[in-house]
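Peer 1: mmCIF, C-alpha atoms, saved as target-v2.cif, coming up:
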```cif
data_run
#
loop_
_atom_site.group_PDB
_atom_site.id
_atom_site.type_symbol
_atom_site.label_atom_id
_atom_site.label_comp_id
_atom_site.auth_asym_id
_atom_site.auth_seq_id
_atom_site.Cartn_x
_atom_site.Cartn_y
_atom_site.Cartn_z
ATOM 1 C CA MET A 1 46.693 189.495 -71.159
ATOM 2 C CA ARG A 2 44.653 187.790 -68.449
ATOM 3 C CA HIS A 3 41.357 189.438 -67.514
ATOM 4 C CA PRO A 4 40.727 190.035 -63.785
ATOM 5 C CA ILE A 5 38.571 187.276 -62.294
ATOM 6 C CA ARG A 6 34.880 188.141 -62.244
ATOM 7 C CA HIS A 7 32.252 186.105 -60.425
ATOM 8 C CA PHE A 8 28.466 186.030 -60.843
ATOM 9 C CA LEU A 9 27.184 185.280 -57.346
ATOM 10 C CA GLN A 10 24.406 187.890 -57.288
ATOM 11 C CA PHE A 11 22.669 189.798 -60.062
ATOM 12 C CA ASN A 12 24.352 193.051 -59.067
ATOM 13 C CA ASP A 13 27.845 191.579 -59.423
ATOM 14 C CA LEU A 14 27.625 192.924 -62.987
ATOM 15 C CA THR A 15 26.823 196.507 -63.973
ATOM 16 C CA ALA A 16 23.772 197.527 -65.989
ATOM 17 C CA ASP A 17 26.054 198.019 -69.005
ATOM 18 C CA GLU A 18 27.546 194.551 -68.607
ATOM 19 C CA HIS A 19 24.072 193.027 -68.371
ATOM 20 C CA ALA A 20 23.113 194.849 -71.586
ATOM 21 C CA TRP A 21 26.177 193.344 -73.240
ATOM 22 C CA ILE A 22 25.232 189.829 -72.102
ATOM 23 C CA PHE A 23 21.661 190.230 -73.402
ATOM 24 C CA GLN A 24 23.049 191.385 -76.753
ATOM 25 C CA ARG A 25 25.501 188.462 -76.898
ATOM 26 C CA ALA A 26 22.800 185.979 -75.853
ATOM 27 C CA ALA A 27 20.631 187.108 -78.773
ATOM 28 C CA TRP A 28 23.563 186.702 -81.194
ATOM 29 C CA ILE A 29 24.540 183.296 -79.759
ATOM 30 C CA LYS A 30 20.917 182.126 -79.898
ATOM 31 C CA ARG A 31 20.632 183.109 -83.574
ATOM 32 C CA LYS A 32 23.758 181.040 -84.317
ATOM 33 C CA PHE A 33 22.271 178.088 -82.427
ATOM 34 C CA LYS A 34 18.960 178.293 -84.298
ATOM 35 C CA ALA A 35 20.785 178.461 -87.648
ATOM 36 C CA TYR A 36 22.927 175.396 -86.768
ATOM 37 C CA GLU A 37 26.060 177.523 -87.107
ATOM 38 C CA PRO A 38 28.839 176.267 -84.806
ATOM 39 C CA TYR A 39 30.316 178.794 -82.387
ATOM 40 C CA ARG A 40 33.065 177.384 -80.169
ATOM 41 C CA PRO A 41 34.970 180.180 -78.440
ATOM 42 C CA LEU A 42 35.541 178.042 -75.319
ATOM 43 C CA SER A 43 37.341 175.195 -77.062
ATOM 44 C CA ASP A 44 39.654 173.423 -74.610
ATOM 45 C CA ARG A 45 38.010 175.129 -71.603
ATOM 46 C CA THR A 46 36.417 173.108 -68.784
ATOM 47 C CA LEU A 47 33.406 173.910 -66.612
ATOM 48 C CA ALA A 48 33.053 172.200 -63.221
ATOM 49 C CA MET A 49 29.435 171.921 -62.058
ATOM 50 C CA ILE A 50 28.966 171.280 -58.336
ATOM 51 C CA PHE A 51 25.446 170.253 -57.310
ATOM 52 C CA GLU A 52 24.419 170.090 -53.667
ATOM 53 C CA LYS A 53 20.852 170.804 -54.853
ATOM 54 C CA ALA A 54 19.680 168.729 -57.810
ATOM 55 C CA SER A 55 18.221 170.375 -60.919
ATOM 56 C CA THR A 56 17.118 169.345 -64.380
ATOM 57 C CA ARG A 57 17.174 172.762 -66.061
ATOM 58 C CA THR A 58 20.379 174.011 -64.464
ATOM 59 C CA ARG A 59 22.315 170.885 -65.371
ATOM 60 C CA VAL A 60 21.032 170.587 -68.943
ATOM 61 C CA SER A 61 21.355 174.297 -69.710
ATOM 62 C CA PHE A 62 24.924 174.623 -68.424
ATOM 63 C CA GLU A 63 26.148 171.273 -69.711
ATOM 64 C CA ALA A 64 24.632 171.559 -73.194
ATOM 65 C CA GLY A 65 25.650 175.210 -73.368
ATOM 66 C CA MET A 66 29.292 174.521 -72.495
ATOM 67 C CA TYR A 67 29.503 171.689 -75.038
ATOM 68 C CA GLN A 68 27.986 173.942 -77.702
ATOM 69 C CA LEU A 69 30.654 176.566 -76.957
ATOM 70 C CA GLY A 70 33.302 173.901 -77.597
ATOM 71 C CA GLY A 71 34.212 173.226 -73.977
ATOM 72 C CA SER A 72 33.884 170.229 -71.694
ATOM 73 C CA VAL A 73 32.139 169.617 -68.385
ATOM 74 C CA VAL A 74 32.963 167.901 -65.086
ATOM 75 C CA HIS A 75 29.787 167.116 -63.146
ATOM 76 C CA LEU A 76 30.026 166.712 -59.357
ATOM 77 C CA THR A 77 27.036 165.779 -57.204
ATOM 78 C CA THR A 78 26.674 165.680 -53.428
ATOM 79 C CA GLY A 79 27.891 162.078 -53.435
ATOM 80 C CA ASP A 80 31.100 163.107 -55.190
ATOM 81 C CA SER A 81 31.826 166.325 -53.364
ATOM 82 C CA GLN A 82 30.197 167.862 -50.307
ATOM 83 C CA LEU A 83 31.470 171.371 -49.894
ATOM 84 C CA GLY A 84 32.960 171.864 -46.461
ATOM 85 C CA ARG A 85 32.430 168.281 -45.268
ATOM 86 C CA ALA A 86 35.397 166.232 -46.500
ATOM 87 C CA GLU A 87 37.656 169.288 -46.501
ATOM 88 C CA PRO A 88 37.256 173.024 -45.941
ATOM 89 C CA ILE A 89 35.472 174.881 -48.745
ATOM 90 C CA GLU A 90 38.531 177.087 -49.116
ATOM 91 C CA ASP A 91 40.702 174.036 -49.865
ATOM 92 C CA SER A 92 38.191 172.617 -52.359
ATOM 93 C CA ALA A 93 38.184 175.955 -54.150
ATOM 94 C CA ARG A 94 41.961 176.100 -54.296
ATOM 95 C CA VAL A 95 42.191 172.586 -55.757
ATOM 96 C CA ILE A 96 39.240 172.533 -58.177
ATOM 97 C CA SER A 97 40.044 175.969 -59.597
ATOM 98 C CA ARG A 98 43.560 174.815 -60.542
ATOM 99 C CA MET A 99 42.095 172.124 -62.798
ATOM 100 C CA VAL A 100 39.184 173.854 -64.555
ATOM 101 C CA ASP A 101 38.459 177.245 -66.125
ATOM 102 C CA LEU A 102 35.021 177.968 -64.672
ATOM 103 C CA VAL A 103 32.910 176.710 -61.753
ATOM 104 C CA MET A 104 29.116 176.671 -61.401
ATOM 105 C CA ILE A 105 27.747 175.860 -57.939
ATOM 106 C CA ARG A 106 24.140 175.096 -56.963
ATOM 107 C CA THR A 107 23.913 174.848 -53.198
ATOM 108 C CA TYR A 108 22.073 175.968 -50.071
ATOM 109 C CA GLY A 109 23.652 178.925 -48.286
ATOM 110 C CA GLN A 110 25.078 181.903 -50.191
ATOM 111 C CA ASP A 111 27.969 181.915 -47.721
ATOM 112 C CA LYS A 112 29.269 178.659 -49.218
ATOM 113 C CA ILE A 113 29.515 180.004 -52.731
ATOM 114 C CA ALA A 114 30.994 183.293 -51.507
ATOM 115 C CA ARG A 115 33.734 181.451 -49.587
ATOM 116 C CA PHE A 116 34.459 179.242 -52.595
ATOM 117 C CA ALA A 117 34.745 182.276 -54.884
ATOM 118 C CA GLU A 118 37.092 184.054 -52.483
ATOM 119 C CA TYR A 119 39.653 181.268 -52.865
ATOM 120 C CA SER A 120 38.991 180.364 -56.513
ATOM 121 C CA ARG A 121 41.456 181.163 -59.274
ATOM 122 C CA VAL A 122 38.657 181.048 -61.875
ATOM 123 C CA PRO A 123 35.186 182.639 -62.239
ATOM 124 C CA VAL A 124 32.398 181.188 -60.099
ATOM 125 C CA ILE A 125 28.721 181.271 -61.141
ATOM 126 C CA ASN A 126 25.758 180.947 -58.789
ATOM 127 C CA GLY A 127 23.489 178.234 -60.219
ATOM 128 C CA LEU A 128 21.090 178.812 -57.273
ATOM 129 C CA THR A 129 21.351 179.373 -53.532
ATOM 130 C CA ASN A 130 18.682 179.820 -50.876
ATOM 131 C CA GLU A 131 19.210 183.571 -51.147
ATOM 132 C CA PHE A 132 19.658 184.306 -54.877
ATOM 133 C CA HIS A 133 19.042 182.867 -58.365
ATOM 134 C CA PRO A 134 20.752 185.326 -60.726
ATOM 135 C CA CYS A 135 20.973 183.079 -63.821
ATOM 136 C CA GLN A 136 17.202 182.572 -63.805
ATOM 137 C CA ILE A 137 16.470 186.301 -63.629
ATOM 138 C CA LEU A 138 19.033 186.833 -66.402
ATOM 139 C CA ALA A 139 16.992 184.418 -68.538
ATOM 140 C CA ASP A 140 13.669 185.986 -67.538
ATOM 141 C CA ILE A 141 14.747 189.502 -68.470
ATOM 142 C CA PHE A 142 16.266 188.301 -71.735
ATOM 143 C CA THR A 143 12.958 186.578 -72.540
ATOM 144 C CA PHE A 144 11.052 189.777 -71.783
ATOM 145 C CA ILE A 145 13.377 191.751 -74.065
ATOM 146 C CA GLU A 146 12.834 189.207 -76.869
ATOM 147 C CA HIS A 147 9.057 189.556 -76.645
ATOM 148 C CA ARG A 148 8.518 193.154 -75.552
ATOM 149 C CA GLY A 149 11.761 195.128 -75.867
ATOM 150 C CA SER A 150 13.561 196.943 -73.048
ATOM 151 C CA ILE A 151 12.403 196.225 -69.502
ATOM 152 C CA ALA A 152 13.427 199.698 -68.329
ATOM 153 C CA GLY A 153 10.413 201.560 -66.949
ATOM 154 C CA LYS A 154 8.231 198.434 -66.963
ATOM 155 C CA THR A 155 6.432 196.754 -64.051
ATOM 156 C CA VAL A 156 6.954 193.165 -62.915
ATOM 157 C CA ALA A 157 4.447 191.585 -60.508
ATOM 158 C CA TRP A 158 5.903 188.951 -58.173
ATOM 159 C CA VAL A 159 3.175 186.785 -56.630
ATOM 160 C CA GLY A 160 4.123 184.210 -54.009
ATOM 161 C CA ASP A 161 7.071 183.403 -51.767
ATOM 162 C CA GLY A 162 9.631 186.046 -50.787
ATOM 163 C CA ASN A 163 12.373 183.672 -51.878
ATOM 164 C CA ASN A 164 15.652 183.713 -53.832
ATOM 165 C CA MET A 165 13.816 184.618 -57.047
ATOM 166 C CA ALA A 166 12.042 187.559 -55.409
ATOM 167 C CA ASN A 167 15.308 188.776 -53.871
ATOM 168 C CA THR A 168 17.005 188.701 -57.257
ATOM 169 C CA TRP A 169 14.118 190.506 -58.980
ATOM 170 C CA LEU A 170 14.591 193.355 -56.478
ATOM 171 C CA GLN A 171 18.291 193.590 -57.298
ATOM 172 C CA ALA A 172 17.560 193.586 -61.023
ATOM 173 C CA ALA A 173 14.890 196.283 -60.727
ATOM 174 C CA GLU A 174 17.211 198.614 -58.857
ATOM 175 C CA LEU A 175 20.035 198.023 -61.343
ATOM 176 C CA LEU A 176 18.097 198.089 -64.623
ATOM 177 C CA GLY A 177 15.469 200.713 -63.861
ATOM 178 C CA PHE A 178 12.120 198.917 -63.625
ATOM 179 C CA THR A 179 9.630 198.331 -60.813
ATOM 180 C CA VAL A 180 8.646 195.136 -58.995
ATOM 181 C CA HIS A 181 5.230 194.819 -57.329
ATOM 182 C CA VAL A 182 5.720 192.245 -54.588
ATOM 183 C CA SER A 183 2.863 190.346 -52.945
ATOM 184 C CA THR A 184 3.608 187.547 -50.475
ATOM 185 C CA PRO A 185 1.543 185.905 -47.717
ATOM 186 C CA ARG A 186 2.091 187.156 -44.181
ATOM 187 C CA GLY A 187 5.168 185.481 -42.733
ATOM 188 C CA TYR A 188 6.764 184.862 -46.147
ATOM 189 C CA GLU A 189 7.861 188.417 -46.941
ATOM 190 C CA ILE A 190 11.004 189.392 -48.787
ATOM 191 C CA ASP A 191 14.058 190.063 -46.648
ATOM 192 C CA GLU A 192 14.580 193.567 -48.011
ATOM 193 C CA GLN A 193 17.905 193.969 -46.196
ATOM 194 C CA LEU A 194 19.248 190.822 -47.861
ATOM 195 C CA ALA A 195 17.881 191.628 -51.301
ATOM 196 C CA VAL A 196 18.902 195.255 -51.676
ATOM 197 C CA GLY A 197 21.475 195.693 -48.912
ATOM 198 C CA PRO A 198 21.732 197.948 -45.873
ATOM 199 C CA ASP A 199 21.495 201.125 -47.965
ATOM 200 C CA GLY A 200 18.122 200.032 -49.356
ATOM 201 C CA ALA A 201 16.790 200.637 -52.853
ATOM 202 C CA SER A 202 15.113 203.629 -54.414
ATOM 203 C CA THR A 203 11.397 203.710 -53.600
ATOM 204 C CA SER A 204 10.589 203.502 -57.308
ATOM 205 C CA SER A 205 12.188 200.073 -57.755
ATOM 206 C CA TYR A 206 9.716 198.013 -55.710
ATOM 207 C CA LYS A 207 6.390 198.272 -53.922
ATOM 208 C CA ILE A 208 4.773 195.861 -51.460
ATOM 209 C CA TYR A 209 1.121 194.783 -51.811
ATOM 210 C CA SER A 210 -0.888 192.686 -49.354
ATOM 211 C CA ASN A 211 -3.378 191.760 -52.094
ATOM 212 C CA PRO A 212 -1.834 189.875 -55.054
ATOM 213 C CA LEU A 213 -4.545 191.126 -57.427
ATOM 214 C CA ASP A 214 -3.488 194.705 -56.663
ATOM 215 C CA ALA A 215 0.152 193.802 -57.342
ATOM 216 C CA CYS A 216 -0.820 192.579 -60.814
ATOM 217 C CA ARG A 217 -2.735 195.706 -61.839
ATOM 218 C CA GLY A 218 -1.111 197.212 -64.913
ATOM 219 C CA ALA A 219 1.916 194.870 -64.729
ATOM 220 C CA ASP A 220 3.835 194.113 -67.922
ATOM 221 C CA LEU A 221 5.003 190.765 -66.543
ATOM 222 C CA VAL A 222 3.406 188.498 -63.941
ATOM 223 C CA THR A 223 5.680 185.858 -62.482
ATOM 224 C CA THR A 224 5.693 183.337 -59.650
ATOM 225 C CA ASP A 225 7.416 180.233 -58.286
ATOM 226 C CA VAL A 226 6.457 177.064 -56.434
ATOM 227 C CA TRP A 227 5.019 177.559 -52.968
ATOM 228 C CA THR A 228 7.592 175.230 -51.409
ATOM 229 C CA SER A 229 11.154 175.584 -52.675
ATOM 230 C CA MET A 230 13.743 172.810 -52.386
ATOM 231 C CA GLY A 231 14.891 172.448 -48.801
ATOM 232 C CA TYR A 232 11.597 173.625 -47.296
ATOM 233 C CA GLU A 233 9.528 170.467 -47.912
ATOM 234 C CA ALA A 234 8.730 170.047 -44.204
ATOM 235 C CA GLU A 235 6.645 173.236 -44.439
ATOM 236 C CA ASN A 236 4.625 171.992 -47.414
ATOM 237 C CA GLU A 237 1.185 171.644 -45.791
ATOM 238 C CA GLU A 238 1.551 174.867 -43.805
ATOM 239 C CA ARG A 239 2.534 176.689 -46.979
ATOM 240 C CA ARG A 240 -0.384 175.273 -49.001
ATOM 241 C CA LYS A 241 -2.758 176.932 -46.539
ATOM 242 C CA ALA A 242 -0.858 180.215 -46.310
ATOM 243 C CA PHE A 243 -0.474 180.601 -50.090
ATOM 244 C CA ALA A 244 -4.038 179.648 -51.111
ATOM 245 C CA ASP A 245 -4.846 183.189 -52.310
ATOM 246 C CA TRP A 246 -1.508 183.608 -54.097
ATOM 247 C CA ARG A 247 -2.367 181.425 -57.087
ATOM 248 C CA VAL A 248 -1.881 183.254 -60.405
ATOM 249 C CA ASP A 249 -5.233 182.911 -62.148
ATOM 250 C CA PRO A 250 -6.972 184.462 -65.188
ATOM 251 C CA GLU A 251 -8.369 187.286 -63.027
ATOM 252 C CA MET A 252 -4.848 188.388 -62.099
ATOM 253 C CA MET A 253 -3.737 188.254 -65.730
ATOM 254 C CA GLN A 254 -6.772 190.322 -66.745
ATOM 255 C CA ALA A 255 -5.796 192.948 -64.152
ATOM 256 C CA ALA A 256 -2.335 193.175 -65.713
ATOM 257 C CA ALA A 257 -1.550 195.137 -68.877
ATOM 258 C CA PRO A 258 -3.345 193.807 -72.000
ATOM 259 C CA ASP A 259 -0.094 192.475 -73.472
ATOM 260 C CA ALA A 260 1.335 191.223 -70.147
ATOM 261 C CA LEU A 261 3.484 188.104 -70.186
ATOM 262 C CA PHE A 262 3.446 185.246 -67.674
ATOM 263 C CA MET A 263 6.651 183.540 -66.509
ATOM 264 C CA HIS A 264 7.537 180.725 -64.121
ATOM 265 C CA CYS A 265 11.043 179.362 -63.510
ATOM 266 C CA LEU A 266 9.699 175.762 -63.376
ATOM 267 C CA PRO A 267 8.991 173.112 -62.279
ATOM 268 C CA ALA A 268 5.368 174.236 -61.983
ATOM 269 C CA HIS A 269 2.447 172.767 -60.063
ATOM 270 C CA ARG A 270 -0.738 173.560 -61.977
ATOM 271 C CA GLY A 271 -3.575 174.265 -59.587
ATOM 272 C CA GLU A 272 -1.193 175.430 -56.848
ATOM 273 C CA GLU A 273 0.883 178.558 -57.590
ATOM 274 C CA VAL A 274 -0.613 178.949 -61.092
ATOM 275 C CA GLU A 275 -3.763 177.847 -62.883
ATOM 276 C CA ALA A 276 -3.263 175.616 -65.922
ATOM 277 C CA GLU A 277 -5.265 178.131 -67.956
ATOM 278 C CA VAL A 278 -2.519 180.716 -67.322
ATOM 279 C CA ILE A 279 0.687 178.687 -67.713
ATOM 280 C CA ASP A 280 -0.671 176.923 -70.809
ATOM 281 C CA GLY A 281 -2.374 180.067 -72.139
ATOM 282 C CA PRO A 282 -1.378 182.573 -74.846
ATOM 283 C CA GLN A 283 0.351 185.014 -72.454
ATOM 284 C CA SER A 284 2.707 182.359 -71.084
ATOM 285 C CA VAL A 285 6.309 182.345 -72.353
ATOM 286 C CA VAL A 286 7.620 179.725 -69.913
ATOM 287 C CA TRP A 287 9.090 177.449 -72.599
ATOM 288 C CA ASP A 288 11.046 180.288 -74.236
ATOM 289 C CA GLU A 289 12.103 181.292 -70.728
ATOM 290 C CA ALA A 290 13.358 177.768 -69.976
ATOM 291 C CA GLU A 291 15.335 177.538 -73.224
ATOM 292 C CA ASN A 292 16.809 180.979 -72.685
ATOM 293 C CA ARG A 293 18.583 179.812 -69.536
ATOM 294 C CA MET A 294 21.013 178.079 -71.870
ATOM 295 C CA HIS A 295 21.560 181.055 -74.174
ATOM 296 C CA VAL A 296 22.136 183.681 -71.468
ATOM 297 C CA GLN A 297 24.405 181.319 -69.556
ATOM 298 C CA LYS A 298 26.459 180.773 -72.702
ATOM 299 C CA ALA A 299 26.814 184.542 -73.055
ATOM 300 C CA LEU A 300 27.677 184.810 -69.352
ATOM 301 C CA MET A 301 30.364 182.102 -69.528
ATOM 302 C CA GLU A 302 31.854 183.729 -72.632
ATOM 303 C CA PHE A 303 31.950 187.113 -70.877
ATOM 304 C CA LEU A 304 33.488 185.780 -67.636
ATOM 305 C CA LEU A 305 36.224 183.911 -69.523
ATOM 306 C CA LEU A 306 36.912 186.116 -72.533
ATOM 307 C CA GLY A 307 35.482 189.544 -71.715
ATOM 308 C CA ARG A 308 33.758 191.468 -74.492
ATOM 309 C CA VAL A 309 34.514 189.666 -77.720
ATOM 310 C CA ALA A 310 33.788 190.842 -81.252
ATOM 311 C CA ASP A 311 31.503 188.782 -83.497
#
```
Output the structure of this file as structure tokens.

Peer 2:
Amino acid sequence: MRHPIRHFLQFNDLTADEHAWIFQRAAWIKRKFKAYEPYRPLSDRTLAMIFEKASTRTRVSFEAGMYQLGGSVVHLTTGDSQLGRAEPIEDSARVISRMVDLVMIRTYGQDKIARFAEYSRVPVINGLTNEFHPCQILADIFTFIEHRGSIAGKTVAWVGDGNNMANTWLQAAELLGFTVHVSTPRGYEIDEQLAVGPDGASTSSYKIYSNPLDACRGADLVTTDVWTSMGYEAENEERRKAFADWRVDPEMMQAAAPDALFMHCLPAHRGEEVEAEVIDGPQSVVWDEAENRMHVQKALMEFLLLGRVAD
């Protein structure tokens, strides 16, 4: 019996219970990987990866992950396929989804991936858009669970740009029952309407702070991103000035909870959005976080293609 098609375009496309399942499966799949025990439930399945924005971590994590699950990968870059340029996105979706079992897209506007998914016969995963980055937050929360247990009731401090990562953290907080302390420079605030929708989010799920040090007080996790995301390079110098006080430093980590973790989705610029002493320090779990992209994405692909499978 064929499962109904499910997509993962935003974090809240899955329920809290489904996210819990994926975290549980990711832990099981990771243990198999570490023990060199083959697990190939996606044998004879094919993942198409469409990149309009380049990425090291997204490509390696999805490609290696799919091979480890027994499947194969078709890799398309901007030179091979520009969504909506050579032919309408709807037509590309109709054609590509007849030849593969799963599609991952990393592109600019969320509207592109939403239109592709609407006409796709197979699940579509958001590998990153300007608006959301759900796979990264999936990895971040899984990493937190590994190190500190459930994230429910905890506090996450977001320091920096009100970007796709910040938007996705807000969705996750509302869905999974934790709080995000958001601090961004003036002019770079989160688009709350985009992140949590027209109905808004409960007041307990996020709070806005003008001072980043205040946002970090008592936080269980402090996290940030580059000051200038891909596609915004023309604003680089302007952003360097605006974000000067939004550098995660030892003082911010000391204001956080004693056992607070530090995360960064990478690539990182030491001395800009984070001090080297923090990202290379004992509270940093960025390398576990980077590896965990692969494990949660494997669990996600398994779930989207096979549903809830028994061990």

Peer 1: With the cut-off set at 12 Å and counting only C-alpha atoms, tabulate each residue of stretch 266-291 of chain A with an atom at most that distance from an atom of stretch 31-55 of chain A, showing the nearest atom pair and its distance in Å to one decimal, ordered by chain and increasing number, as JSON lines.

Peer 2:
```
{"residue": "A:Leu266", "atom": "CA", "partner": "A:Ser55", "partner_atom": "CA", "distance": 10.4}
{"residue": "A:Pro267", "atom": "CA", "partner": "A:Ser55", "partner_atom": "CA", "distance": 9.7}
{"residue": "A:Glu291", "atom": "CA", "partner": "A:Phe33", "partner_atom": "CA", "distance": 11.5}
```

Peer 1: For the file shown, report as a compact mmCIF listing (two decimals) with C-alpha atoms, keeping the file's coordinate frame the outcome of the PyMOL selection byres ((chain A and resi 219-230) around 6) at residue level.

Peer 2:
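Produced file selection_24.txt, reproduced below:
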```
# COMPACT_ATOMS: atom_id res chain seq x y z
CA THR A 155 6.43 196.75 -64.05
CA VAL A 156 6.95 193.16 -62.92
CA ALA A 157 4.45 191.58 -60.51
CA TRP A 158 5.90 188.95 -58.17
CA VAL A 159 3.18 186.78 -56.63
CA GLY A 160 4.12 184.21 -54.01
CA CYS A 216 -0.82 192.58 -60.81
CA ARG A 217 -2.74 195.71 -61.84
CA GLY A 218 -1.11 197.21 -64.91
CA GLY A 231 14.89 172.45 -48.80
CA TYR A 232 11.60 173.62 -47.30
CA ASN A 236 4.62 171.99 -47.41
CA ALA A 256 -2.34 193.18 -65.71
CA ALA A 257 -1.55 195.14 -68.88
CA ALA A 260 1.34 191.22 -70.15
CA LEU A 261 3.48 188.10 -70.19
CA PHE A 262 3.45 185.25 -67.67
CA MET A 263 6.65 183.54 -66.51
CA HIS A 264 7.54 180.72 -64.12
CA GLU A 273 0.88 178.56 -57.59
```

Peer 1: If we count all atoms listed in the file, what is near A:Ala93 at a cut-off of 10 Å, once residues fewer than 4 positions away on the same chain are taken out, given as a VMD selection string?

Peer 2: chain A and resid 83 88 to 89 97 to 98 103 113 115 to 122 124

Peer 1: Residue by residue, what does the PyMOL selection byres ((chain A and resi 171-184) around 7) grab here? Present the result as a PyMOL selection string.

Peer 2: chain A and resi 11-12+16+151-162+167-170+185-186+188-189+195-196+201+204-212+215

Peer 1: For stretch 26-28 of chain A, please output as an NGL selection string all residues within 6 Å (counting all atoms listed in the file; exclusion window: fewer than 4 positions along the same chain).

Peer 2: :A and (22 or 295-296 or 299)

Peer 1: Between A:Pro4, A:Ile105, A:Lys30, A:Asp111, which one has atoms that come closest to A:Arg59, using all atoms listed in the file?

Peer 2: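 Between A:Pro4, A:Ile105, A:Lys30, A:Asp111, the residue approaching A:Arg59 most closely is A:Ile105.
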
Peer 1: Could you give me stretch 277-289 of chain A completed to N, CA and C atoms, formatted as an mmCIF file, in the coordinates of the input?

Peer 2:
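The resulting file, result09.cif, is reproduced below:
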```
data_model
loop_
_atom_site.group_PDB
_atom_site.id
_atom_site.type_symbol
_atom_site.label_atom_id
_atom_site.label_comp_id
_atom_site.auth_asym_id
_atom_site.auth_seq_id
_atom_site.Cartn_x
_atom_site.Cartn_y
_atom_site.Cartn_z
ATOM 1 N N GLU A 277 -4.781 177.222 -66.920
ATOM 2 C CA GLU A 277 -5.265 178.131 -67.956
ATOM 3 C C GLU A 277 -4.282 179.275 -68.213
ATOM 4 N N VAL A 278 -3.500 179.637 -67.181
ATOM 5 C CA VAL A 278 -2.519 180.716 -67.322
ATOM 6 C C VAL A 278 -1.203 180.190 -67.891
ATOM 7 N N ILE A 279 -0.631 179.159 -67.270
ATOM 8 C CA ILE A 279 0.687 178.687 -67.713
ATOM 9 C C ILE A 279 0.631 178.063 -69.112
ATOM 10 N N ASP A 280 -0.518 177.516 -69.480
ATOM 11 C CA ASP A 280 -0.671 176.923 -70.809
ATOM 12 C C ASP A 280 -1.393 177.862 -71.777
ATOM 13 N N GLY A 281 -1.619 179.102 -71.340
ATOM 14 C CA GLY A 281 -2.374 180.067 -72.139
ATOM 15 C C GLY A 281 -1.495 180.904 -73.056
ATOM 16 N N PRO A 282 -2.099 181.802 -73.828
ATOM 17 C CA PRO A 282 -1.378 182.573 -74.846
ATOM 18 C C PRO A 282 -0.405 183.607 -74.288
ATOM 19 N N GLN A 283 -0.564 184.020 -73.022
ATOM 20 C CA GLN A 283 0.351 185.014 -72.454
ATOM 21 C C GLN A 283 1.600 184.382 -71.833
ATOM 22 N N SER A 284 1.591 183.067 -71.712
ATOM 23 C CA SER A 284 2.707 182.359 -71.084
ATOM 24 C C SER A 284 3.885 182.203 -72.049
ATOM 25 N N VAL A 285 5.082 182.524 -71.555
ATOM 26 C CA VAL A 285 6.309 182.345 -72.353
ATOM 27 C C VAL A 285 7.291 181.443 -71.597
ATOM 28 N N VAL A 286 6.756 180.516 -70.796
ATOM 29 C CA VAL A 286 7.620 179.725 -69.913
ATOM 30 C C VAL A 286 8.580 178.809 -70.677
ATOM 31 N N TRP A 287 8.202 178.371 -71.867
ATOM 32 C CA TRP A 287 9.090 177.449 -72.599
ATOM 33 C C TRP A 287 10.236 178.227 -73.246
ATOM 34 N N ASP A 288 9.962 179.418 -73.764
ATOM 35 C CA ASP A 288 11.046 180.288 -74.236
ATOM 36 C C ASP A 288 11.969 180.635 -73.069
ATOM 37 N N GLU A 289 11.358 180.935 -71.945
ATOM 38 C CA GLU A 289 12.103 181.292 -70.728
ATOM 39 C C GLU A 289 13.043 180.160 -70.314
#
```
